[in-house]
Amino acid sequence: MISQFFILSSKGDPLIYKDFRGDSGGRDVAELFYRKLTGLPGEESPVVMHHDDRHFIHIRHSGLYLVATTSENISPFSLLELLSRLATLLGDYCGSLGEGTISRNVALVYELLDEVLDYGYVQTTSTEMLRNFIQTEAVVSKPFSLFDLSSVGLFGAETQQSKVAPSSAASRPVLSSRSDQSQKNEVFLDVVERLSVLIASNGSLLKVDVQGEIRLKSFLPSGSEMRIGLTEEFCVGKSELRGYGPGIRVDEVSFHSSVQLDEFESHRILRLQPPQGELTVMRYQLSDDLPSPLPFRLFPSVQWDRGSGRLQVYLKLRCDLPPKSLSQELSSPEQKAELWDGALRWDLPRVQGGSQLSGLFQMEVPGLPGPPGQGHSTSAPPLGLGPASLSFELPRHTCSGLQVRFLRLAFRHCSNANPHKWVRHLSHSDAYVIRI
Amino acid sequence: MMVPELGEIFELKAELNSDKKEKKKEAVKKVIASMTVGKDVSALFPDVVNCMQTDNLELKKLVYLYLMNYAKSQPDMAIMAVNTFVKDCEDPNPLIRALAVRTMGCIRVDKITEYLCEPLRKCLKDEDPYVRKTAAVCVAKLHDINAQLVEDQGFLDTLKDLISDSNPMVVANAVAALSEIAESHPSSNLLDLNPQSINKLLTALNECTEWGQIFILDCLANYTPKDDREAQSICERVTPRLSHANSAVVLSAVKVLMKFMEMLSKDLDYYGTLLKKLAPPLVTLLSAEPELQYVALRNINLIVQKRPEILKHEMKVFFVKYNDPIYVKLEKLDIMIRLASQANIAQVLAELKEYATEVDVDFVRKAVRAIGRCAIKVEQSAERCVSTLLDLIQTKVNYVVQEAIVVIKDIFRKYPNKYESVIATLCENLDSLDEPEARAAMIWIVGEYAERIDNADELLESFLEGFHDESTQVQLQLLTAIVKLFLKKPTETQELVQQVLSLATQDSDNPDLRDRGYIYWRLLSTDPVAAKEVVLAEKPLISEETDLIEPTLLDELICYIGTLASVYHKPPSAFVEGGRGVVHKSLPPRTASSESTESPETAPAGAPSGEQPDVIPAQGDLLGDLLNLDLGPPVSGPPLATSSVQMGAVDLLGGGLDSLIGGPNFVTPPAATVPANLGAPMGSGLSDLFDLTSGVGTLSGSYVAPKAIWLPAMKAKGLEILGTFTRQVGSISMDLQLTNKALQVMTDFAIQFNRNSFGLAPAAPLQVHAPLSPNQTVEISLPLNTVGSVMKMEPLNNLQVAVKNNIDVFYFSTLYPLHILFVEDGKMDRQIFLATWKDIPNENEAQFQIRDCPLNAEAVSSRLQSSNIFTVAKRNVEGQDMLYQSLKLTNGIWVLAELRIQPGNPNFMLSLKCRAPEVSQHVYQAYETILKN
């Protein structure tokens with residue numbers, strides 16, 4: 001059972017403080033938490049901390065600390081899940097989660113908390129169910145308007161199937177503006193993949209895995225049915241075979257409980273009646289067997305002159321994506337390289353598919369130890385050089401090859417306006433590491 | 001607290017009393033916002049309460065919100081609102097009814113409770129499920145304020161009825177409320193789990209929200225199925241939860257499965273299926289956010305220790321990612337070692353070697369240590385590990401080299417005379433070692449292999465120069481190493497050994513060092529042959545796997561999977577306050593359904609012994625067993641339906657034992673495992689070897705009081721019992737002397753303890769081998785353990801005992817001296833002692849005077865040490881000897897002491913600091929007893 005919940009700003013000021021069981025140590029608890037967190041030694045985990053009989057569990061979300069305390073031996077999983085649901089809920093109701101939106105909507109947040117938690121027991125975290133109980137309306141700083149957007153075309157030119165919505169378009173309250181119905185007809189569907197890769201120093205691939213999810217944020221009235229068509233060659237498990245080509249294969253799939261799968265087996269169509277707000281429709285993962293080549297290969301070579309202490313790092317980066325797949329306007333990227341926190345950082349704003357970039361970096365590192373017995377050799381790289389890590393974002397690309405074929409909305413009488421549907425595909429690196 | 005400006009309050013007051021609803025609403029919102037940032041707006045209480053009578057739901061909710069916050073500080077004002085509350089409980093709108101009953105429960109003012117009962121009774125039977133589920137929680141709230149009232153009003157029965165409610169939300173809240181109430185009344189029979197109610201819960205499980213599922217699964221985990229068939233059928237119905245998106249549901253399901261699996265035979269097909277099903281959900285958790293990953297890894301660490309087969313093929317998922325937070329990396333590393341086997345060791349080593357070149361120093365150190373642990377765990381890999389370590393030493397990265405040398409020392413211990421060829425390489429790095437642990441390890445290696453290192457004397461001599469600047473660890477090691485060298489090469493090193501002995505004995509004020517020096521000196525001067533035997537004795541092997549959780553604790557922690565206990569790796573009693581939830585849980589013994597019906601006697605004891613030695617029977621429940629005459633598997637849960645603490649032994653034990661006498665199938669409780677704390681682990685290092693301060697004292701055992709009469713013959717139909725308590729080498733026993741002063745033969749002896757403050761319980765049945773004839777006396781030593789049920793007694797060390805024989809059952813109570821609970825590893829590290837002393841608040845400090853004790857500081861220290869009170873440090877301040885001492889109780893409570901002794905003054909001052917100050921008085925009595933006898 002949860003004793004207290006509070007939200008702290010990134011500087012540790014309490015924005016929301018709620019006590020559920022009357023066994024509190026008062027508001028000092030929030031301060032105590034912040035002191036403990038900031039004073040924690042490096043290798044200790046901040047996830048679960050305790051002070052006497054009070055246990056703190058927290059997550060960080062949008063720069064805020066969401067903290068729950070308890071004095072009993074309860075499940076830390078449920079607390080962590082709850083905190084991340086609360087983050088989603090507050091986002092749904094207040095528009096986005098941030099210091100400003102929270103402090104403008106204090107009363108709403110308390111009302112939500114009262115319905116979500118009673119005496120520290122979680123009651124429900126469903127946006128939909130809570131709608132029956134919540135009375136307060138969100139205060140939004142500025143009314144939202146689609147025409148107000150300055151950054152349309154964030155990802156570049158439009159393609160035939162998917163229009164591109166600015167990411168800020170999704171950050172407004174799901175449930176506000178009861179009065180103006182017209183803006184409600186929007187739905188965002190994102191296929192997001194996180195790619196983890198580990199390449200050994202000899203170039204062999206040690207590990208690849210892809211964590212993917214299909215996320216939906218719907219502003220449509222609840223209960224409107226939609227159908228999401230996935231790539232038809234989508235196979236689950238090692239043995240299944242579909243289509244004539246190699247297929248799009250994943251190891252494991254899980255669906256949100258509201259997804260109906262009657263058309264999934266035959267046509268790879270997910271049917272659901274989503275509540276308003278955000279939900280993860282499907283999660284999947286795939287390891288070791290990637291259908292397409294890796295997006296990037298990095299060929300590092302290191303030379304070290306022991307005498308002068310000069311270290312030369314030559315990096316060759318090749319992008320193996322099809323040439324058209326990335327932004328077309330790459331002429332001379334503004335590159336930047338700097339030494340930062342014991343590492344060399346090389347920033348590239350854009351890389352064209354099929355292109356190759358290389359960089360030569362020279363550093364003076366006098367004290368670096370070299371391999372033994374080769375005192376005067378100049379070419380062998382020094383030992384103790386850490387790996388290279390790539391981080392990137394690939395718009396309109398999924399590493400698994402999974403695509404959303406279509407998103408169809410079945411409409412009920414009430415709404416006549418044609419709803420906007422935004423389908424986006426995105427891959428980004430989670431840990432993309434090449435050992436040197 | 002900030003005080004808002006007067007003008008602000010005034011303005012708000014005006015707005016609150018405005019006629020316009022909108023204005024009122026905005027005003028209340030402003031008040032709430034001020035409240036949140038810590039301003040004191042309690043002055044507006046009456047004005048806000050005035051806004052309460054409205055038909056606007058939003059405004060009403062806002063007012064209720066304010067009330068909840070201030071009612072406690074303004075109880076008289078809160079009463080003003082009561083009428084509206086009561087009225088709102090009758091409102092036609094279910095939202096308002098629920099709101100009122102919810103808010104009233106949150107106002108923790110005693111006066112309000114009497115008004116609450118009637119509305120609550122109605123709401124519990126409300127037609128709307130939203131109101132019912134809110135009312136169910138309200139019962140728990142009210143119980144916390146006034147438990148008696150809840151019982152008297154019969155709310156508990158209504159709550160029990162709600163478990164069969166048609167709405168799953170109501171069921172979930174009723175289960176949650178009952179579970180919580182039951183925890184504060186361990187003896188009540190609130191959550192009567194039987195096959196029927198379990199069935200109901202399993203049905204509700206499929207229907208309710210994810211949060212409700214968690215309550216229900218946790219409740220299921222407390223149930224003990226009657227046989228393996230029932231266990232399997234529950235498992236089958238719980239398994240689908242493993243694919244739930246909410247990790248809390250998954251882990252609660254894992255807990256149920258891990259626990260019930262204990263009852264299934266390994267030969268069963270289903271057992272194998274279940275094992276396979278457990279892996280994927282655990283692996284999936286590792287792709288979640290780092291916070292969840294960390295918590296999951298802590299749990300997986302336990303699961304891997306208990307059942308390594310579940311994840312043995314999943315090594316890859318524990319490989320560290322470059323961008324994992326450090327705390328996730330360290331946990332993964334630990335699990336990698338636990339899963340390392342001959343099959344995957346090559347892969348693991350390749351990974352570890354990579355980690356050792358990363359940037360983060362802490363992580364690199366742990367990775368190097370891990371390579372050493374691999375070498376010790378997987379013998380076939382030792383050679384590879386050593387060559388990997390040598391590669392790392394070649395990097396010359398200072399901390400890598402030092403860490404590698406520390407682990408190579410352990411490898412030498414494990415595989416003597418195998419890898420000495422590397423010593424030369426190690427010696428090259430002598431100069432770069434600046435950490436005490438690495439220096440000590442290197443010195444140990446030089447001393448141990450002195451005969452093979454030509455210039456061992458030079459090497460050791462070089463360390464000797466700065467002897468006084470070294471840390472104690474290094475000094476002790478150097479002393480031992482030079483003595484070893486001398487015994488091996490006596491001719492050339494005489495001077496060196498004399499030098500070190502004089503440094504240790506004459507120039508040092510460290511008692512450990514002095515003592516060790518003197519012992520060596522005397523040994524060498526009186527009997528060099530004996531010295532050789534002692535100093536160069538064969539060393540005990542170091543254990544295969546380090547850091548394993550002790551099996552009994554592991555079993556207990558498995559019962560707490562998915563809770564905070566599984567993150568801390570400590571039983572809840574160690575971190576949860578007071579009475580709640582400290583009942584020890586244990587895994588159920590395996591019971592086959594066929595066996596239990598045919599031969600009940602063999603069922604509990606038979607299964608564990610052979611193939612699976614680590615299954616422990618549920619000792620904590622023995623009392624419950626005996627009393628319920630349940631000859632099957634132990635029933636987990638409260639033994640009897642008595643609730644109050646003050647009840648004497650007679651009430652608690654009444655009936656149960658009586659009926660036992662008649663029962664023909666009286667089953668002796670299954671034999672218990674050895675108590676947990678058998679001295680300090682040996683693996684910890686060399687310094688233990690000759691460390692006399694922690695070695696010798698423990699062997700002699702604690703002080704034993706002479707036997708006293710516990711049960712006079714006239715009170716027990718001729719049976720006289722004398723007894724005392726002893727503690728020797730980590731085991732506690734109760735020494736009894738039974739005399740038959742009656743005229744008839746006595747047989748069929750049995751003994752039981754009532755629950756007590758430290759969970760003392762017999763570890764074996766009372767064995768009186770032959771019938772006791774008239775005027776005969778027997779002496780029996782009854783081994784005890786401390787894993788029984790816990791209940792705080794008054795006084796703390798009170799123990800209520802029931803002894804039965806063929807004539808009757810007799811009850812007596814006795815006080816045990818606390819020092820039998822002082823464990824052998826109660827010596828605290830100096831730094832930790834210092835930090836802990838500062839950390840414990842001053843109000844927890846208790847002062848006592850020990851009068852008329854003729855001993856000096858040295859004698860006091862050694863006498864206390866034999867009873868496991870350890871002197872951590874000694875100082876002399878203004879002529880007074882200050883002894884800083886530590887001790888640890890069997891339940892993990894530390895007590896720190898400062899003993900002030902003035903030479904010539906027989907009265908000592910004792911200050912005790914402890915997080916549980918109630919034990920101080922008894923610790924003081926233990927000091928008295930030990931020092932004066």
# chains A, B, ... in the order shown; residues from 1 in each chain; ligands from 1
$ interface_residues --of "chain B" --to "chain A" --cutoff "6 Å" --atoms "only C-alpha atoms" --output "list of chain:residue names"
B:Lys29, B:Glu58, B:Ala248, B:Glu291, B:Tyr322, B:Ile326, B:Tyr327, B:Thr357, B:Glu358, B:Thr395, B:Gly562, B:Thr563, B:Leu564, B:Val576
$ residues_around --residues "A:Pro419" --least-positions-apart "2" --cutoff "8 Å" --atoms "only C-alpha atoms" --output "PyMOL selection string"
chain A and resi 185-187+417+421
$ residues_around --residues "stretch 218-229 of chain A" --least-positions-apart "4" --cutoff "9 Å" --atoms "only C-alpha atoms" --output "JSON, numbers by chain"
{"A": [128, 174, 175, 183, 184, 185, 186, 187, 188, 189, 264, 267, 268, 269, 270, 271, 272, 273, 274, 275, 276, 277, 278, 279, 403, 404, 405, 406, 407, 408, 409, 410, 411, 412, 415, 419]}
$ write_last_selection --atoms "N, CA and C atoms" --output "CSV table (one decimal), in the first residue's frame"
chain,number,residue,atom,x,y,z
A,128,GLU,N,-10.0,5.8,-19.7
A,128,GLU,CA,-11.4,5.7,-20.1
A,128,GLU,C,-12.3,5.6,-18.8
A,174,VAL,N,-6.1,14.9,-23.8
A,174,VAL,CA,-7.0,14.1,-24.5
A,174,VAL,C,-8.5,14.5,-24.2
A,175,LEU,N,-8.7,15.0,-23.0
A,175,LEU,CA,-10.0,15.1,-22.5
A,175,LEU,C,-10.5,16.5,-22.4
A,183,GLN,N,-11.7,19.5,-33.3
A,183,GLN,CA,-10.3,19.1,-33.2
A,183,GLN,C,-10.1,17.7,-32.7
A,184,LYS,N,-11.1,17.0,-32.4
A,184,LYS,CA,-10.9,15.8,-31.7
A,184,LYS,C,-10.5,14.7,-32.7
A,185,ASN,N,-10.8,14.9,-33.9
A,185,ASN,CA,-10.7,13.7,-34.8
A,185,ASN,C,-9.3,13.5,-35.3
A,186,GLU,N,-8.5,13.1,-34.4
A,186,GLU,CA,-7.1,12.8,-34.8
A,186,GLU,C,-6.6,11.5,-34.2
A,187,VAL,N,-5.8,10.8,-34.9
A,187,VAL,CA,-5.2,9.6,-34.3
A,187,VAL,C,-3.8,9.5,-34.8
A,188,PHE,N,-2.9,9.2,-33.8
A,188,PHE,CA,-1.5,9.0,-34.1
A,188,PHE,C,-1.1,7.6,-33.9
A,189,LEU,N,-0.4,7.0,-34.9
A,189,LEU,CA,0.0,5.6,-34.7
A,189,LEU,C,1.5,5.6,-35.0
A,264,PHE,N,-6.2,-11.5,-37.1
A,264,PHE,CA,-4.7,-11.4,-37.1
A,264,PHE,C,-4.2,-12.6,-37.8
A,267,HIS,N,-5.3,-12.3,-41.8
A,267,HIS,CA,-4.9,-11.1,-42.6
A,267,HIS,C,-3.9,-10.2,-41.9
A,268,ARG,N,-3.5,-10.5,-40.8
A,268,ARG,CA,-2.6,-9.6,-40.0
A,268,ARG,C,-3.2,-8.3,-39.8
A,269,ILE,N,-4.5,-8.3,-39.3
A,269,ILE,CA,-5.2,-7.1,-39.0
A,269,ILE,C,-5.5,-7.1,-37.5
A,270,LEU,N,-5.2,-6.0,-36.9
A,270,LEU,CA,-5.5,-5.8,-35.5
A,270,LEU,C,-6.8,-5.0,-35.4
A,271,ARG,N,-7.7,-5.5,-34.7
A,271,ARG,CA,-9.0,-4.7,-34.5
A,271,ARG,C,-9.1,-4.2,-33.1
A,272,LEU,N,-9.4,-3.0,-32.9
A,272,LEU,CA,-9.5,-2.5,-31.5
A,272,LEU,C,-10.5,-1.3,-31.4
A,273,GLN,N,-11.0,-1.1,-30.3
A,273,GLN,CA,-11.8,0.1,-30.0
A,273,GLN,C,-11.1,0.8,-28.9
A,274,PRO,N,-10.1,1.6,-29.2
A,274,PRO,CA,-9.3,2.2,-28.2
A,274,PRO,C,-10.0,3.3,-27.4
A,275,PRO,N,-9.6,3.4,-26.1
A,275,PRO,CA,-10.1,4.5,-25.4
A,275,PRO,C,-9.3,5.7,-25.8
A,276,GLN,N,-9.8,6.9,-25.4
A,276,GLN,CA,-9.0,8.1,-25.7
A,276,GLN,C,-7.7,8.0,-24.9
A,277,GLY,N,-6.7,8.6,-25.5
A,277,GLY,CA,-5.4,8.6,-24.7
A,277,GLY,C,-4.4,7.7,-25.4
A,278,GLU,N,-3.4,7.4,-24.6
A,278,GLU,CA,-2.3,6.7,-25.2
A,278,GLU,C,-2.4,5.2,-24.8
A,279,LEU,N,-2.0,4.3,-25.7
A,279,LEU,CA,-1.8,2.9,-25.3
A,279,LEU,C,-0.9,2.3,-26.3
A,403,GLN,N,5.7,-2.9,-41.3
A,403,GLN,CA,5.1,-1.6,-41.7
A,403,GLN,C,3.6,-1.7,-41.3
A,404,VAL,N,3.0,-0.5,-41.1
A,404,VAL,CA,1.6,-0.5,-41.0
A,404,VAL,C,1.1,-0.3,-42.4
A,405,ARG,N,0.3,-1.3,-42.9
A,405,ARG,CA,-0.2,-1.2,-44.3
A,405,ARG,C,-1.3,-0.1,-44.3
A,406,PHE,N,-2.2,-0.2,-43.4
A,406,PHE,CA,-3.3,0.8,-43.4
A,406,PHE,C,-3.8,1.0,-42.0
A,407,LEU,N,-4.5,2.1,-41.8
A,407,LEU,CA,-5.2,2.3,-40.5
A,407,LEU,C,-6.6,2.8,-41.0
A,408,ARG,N,-7.6,2.0,-40.7
A,408,ARG,CA,-8.9,2.3,-41.1
A,408,ARG,C,-9.8,2.5,-39.9
A,409,LEU,N,-10.6,3.6,-40.0
A,409,LEU,CA,-11.5,3.9,-38.9
A,409,LEU,C,-12.9,3.6,-39.3
A,410,ALA,N,-13.6,2.8,-38.5
A,410,ALA,CA,-15.0,2.6,-38.8
A,410,ALA,C,-15.8,3.7,-38.0
A,411,PHE,N,-16.6,4.4,-38.8
A,411,PHE,CA,-17.3,5.5,-38.1
A,411,PHE,C,-18.7,5.4,-37.7
A,412,ARG,N,-19.0,5.9,-36.6
A,412,ARG,CA,-20.4,5.9,-36.2
A,412,ARG,C,-21.0,7.3,-36.6
A,415,SER,N,-19.9,11.6,-35.9
A,415,SER,CA,-18.8,12.4,-36.4
A,415,SER,C,-18.8,12.4,-37.9
A,419,PRO,N,-11.4,12.2,-40.1
A,419,PRO,CA,-10.4,12.3,-39.1
A,419,PRO,C,-9.0,12.3,-39.7
$ select_by_dssp --residues "stretch 150-317 of chain B" --states "alpha helix (DSSP H)" --output "ChimeraX atom specification"
/B:150-152,155-162,168-184,195-207,210-221,228-238,247-261,269-285,290-306
$ write_last_selection --atoms "C-alpha atoms" --output "short mmCIF file (atom, residue, chain, number, x, y, z; two decimals), in the first residue's frame"
data_model
loop_
_atom_site.label_atom_id
_atom_site.label_comp_id
_atom_site.auth_asym_id
_atom_site.auth_seq_id
_atom_site.Cartn_x
_atom_site.Cartn_y
_atom_site.Cartn_z
CA VAL B 150 -15.00 -2.50 13.29
CA GLU B 151 -15.23 -5.85 14.99
CA ASP B 152 -18.11 -4.85 17.21
CA PHE B 155 -18.07 -5.00 9.36
CA LEU B 156 -15.58 -7.81 8.99
CA ASP B 157 -18.31 -10.29 8.19
CA THR B 158 -19.81 -7.97 5.61
CA LEU B 159 -16.38 -7.60 4.10
CA LYS B 160 -16.01 -11.36 3.89
CA ASP B 161 -19.31 -11.53 2.08
CA LEU B 162 -18.03 -9.06 -0.48
CA PRO B 168 -14.59 -8.00 -9.64
CA MET B 169 -13.48 -4.53 -8.50
CA VAL B 170 -15.40 -5.02 -5.28
CA VAL B 171 -13.85 -8.45 -4.82
CA ALA B 172 -10.37 -7.08 -5.34
CA ASN B 173 -10.83 -4.29 -2.82
CA ALA B 174 -12.39 -6.65 -0.30
CA VAL B 175 -9.44 -9.02 -0.65
CA ALA B 176 -7.00 -6.16 -0.27
CA ALA B 177 -8.77 -4.80 2.81
CA LEU B 178 -9.07 -8.21 4.44
CA SER B 179 -5.44 -9.03 3.73
CA GLU B 180 -4.34 -5.87 5.42
CA ILE B 181 -6.59 -6.31 8.43
CA ALA B 182 -5.52 -9.95 8.73
CA GLU B 183 -1.89 -8.90 8.82
CA SER B 184 -2.39 -6.84 11.93
CA PRO B 195 -10.38 -24.82 -1.89
CA GLN B 196 -13.77 -23.16 -2.33
CA SER B 197 -12.65 -19.61 -1.62
CA ILE B 198 -9.54 -20.17 -3.72
CA ASN B 199 -11.75 -21.17 -6.56
CA LYS B 200 -13.73 -17.96 -6.20
CA LEU B 201 -10.54 -15.92 -6.24
CA LEU B 202 -9.26 -17.69 -9.33
CA THR B 203 -12.49 -16.89 -11.11
CA ALA B 204 -12.32 -13.23 -10.10
CA LEU B 205 -8.71 -13.21 -11.29
CA ASN B 206 -9.82 -13.52 -14.87
CA GLU B 207 -12.24 -10.65 -14.67
CA GLU B 210 -4.65 -5.62 -13.48
CA TRP B 211 -4.37 -4.00 -10.04
CA GLY B 212 -7.01 -6.28 -8.62
CA GLN B 213 -5.16 -9.24 -10.07
CA ILE B 214 -2.11 -8.28 -8.05
CA PHE B 215 -4.07 -8.29 -4.76
CA ILE B 216 -5.57 -11.64 -5.60
CA LEU B 217 -2.32 -13.28 -6.69
CA ASP B 218 -0.58 -12.07 -3.55
CA CYS B 219 -3.39 -13.51 -1.52
CA LEU B 220 -3.13 -16.84 -3.37
CA ALA B 221 0.56 -16.99 -2.56
CA ASP B 228 0.41 -31.71 -5.47
CA ARG B 229 -2.73 -32.09 -7.55
CA GLU B 230 -4.30 -28.99 -6.11
CA ALA B 231 -1.01 -27.15 -6.50
CA GLN B 232 -0.83 -28.10 -10.14
CA SER B 233 -4.39 -27.06 -10.87
CA ILE B 234 -3.80 -23.65 -9.30
CA CYS B 235 -0.57 -23.28 -11.25
CA GLU B 236 -2.38 -24.06 -14.46
CA ARG B 237 -4.87 -21.30 -13.82
CA VAL B 238 -2.22 -18.78 -12.81
CA SER B 247 5.14 -6.51 -14.73
CA ALA B 248 3.67 -6.50 -11.22
CA VAL B 249 1.06 -9.03 -12.29
CA VAL B 250 3.79 -11.14 -13.90
CA LEU B 251 5.96 -11.16 -10.82
CA SER B 252 3.11 -11.92 -8.47
CA ALA B 253 2.26 -14.87 -10.72
CA VAL B 254 5.91 -15.95 -10.70
CA LYS B 255 5.82 -15.90 -6.91
CA VAL B 256 2.79 -18.16 -6.76
CA LEU B 257 4.34 -20.55 -9.27
CA MET B 258 7.77 -20.65 -7.64
CA LYS B 259 6.15 -21.40 -4.32
CA PHE B 260 3.73 -24.07 -5.47
CA MET B 261 6.34 -25.69 -7.69
CA ASP B 269 5.85 -33.63 -17.09
CA TYR B 270 4.05 -30.58 -15.90
CA TYR B 271 7.03 -29.54 -13.82
CA GLY B 272 9.18 -29.33 -16.94
CA THR B 273 6.50 -27.41 -18.82
CA LEU B 274 6.20 -24.93 -16.02
CA LEU B 275 9.95 -24.35 -15.91
CA LYS B 276 9.94 -23.55 -19.60
CA LYS B 277 7.08 -21.10 -19.20
CA LEU B 278 8.86 -19.11 -16.53
CA ALA B 279 11.81 -18.03 -18.68
CA PRO B 280 10.20 -15.82 -21.38
CA PRO B 281 8.39 -13.41 -19.05
CA LEU B 282 11.55 -12.89 -17.02
CA VAL B 283 13.54 -12.22 -20.17
CA THR B 284 10.92 -9.77 -21.40
CA LEU B 285 11.31 -7.70 -18.24
CA PRO B 290 16.12 0.64 -16.34
CA GLU B 291 14.17 1.04 -13.09
CA LEU B 292 12.05 -2.00 -13.80
CA GLN B 293 15.07 -3.87 -15.10
CA TYR B 294 16.90 -3.30 -11.87
CA VAL B 295 14.05 -4.55 -9.73
CA ALA B 296 13.58 -7.51 -12.07
CA LEU B 297 17.27 -8.38 -11.94
CA ARG B 298 17.25 -8.44 -8.16
CA ASN B 299 14.41 -10.95 -8.33
CA ILE B 300 16.04 -12.97 -11.07
CA ASN B 301 19.13 -13.17 -8.90
CA LEU B 302 17.06 -15.03 -6.32
CA ILE B 303 15.33 -17.22 -8.86
CA VAL B 304 18.63 -18.18 -10.44
CA GLN B 305 20.00 -19.23 -7.09
CA LYS B 306 16.96 -21.30 -6.30
#
$ residues_around --residues "B:Met791" --least-positions-apart "6" --cutoff "6 Å" --atoms "only C-alpha atoms" --output "PyMOL selection string"
chain B and resi 755-757
$ atom_distance --atom1 "atom CA of B:Ser381" --atom2 "atom CA of B:Gly447"
26.3 Å
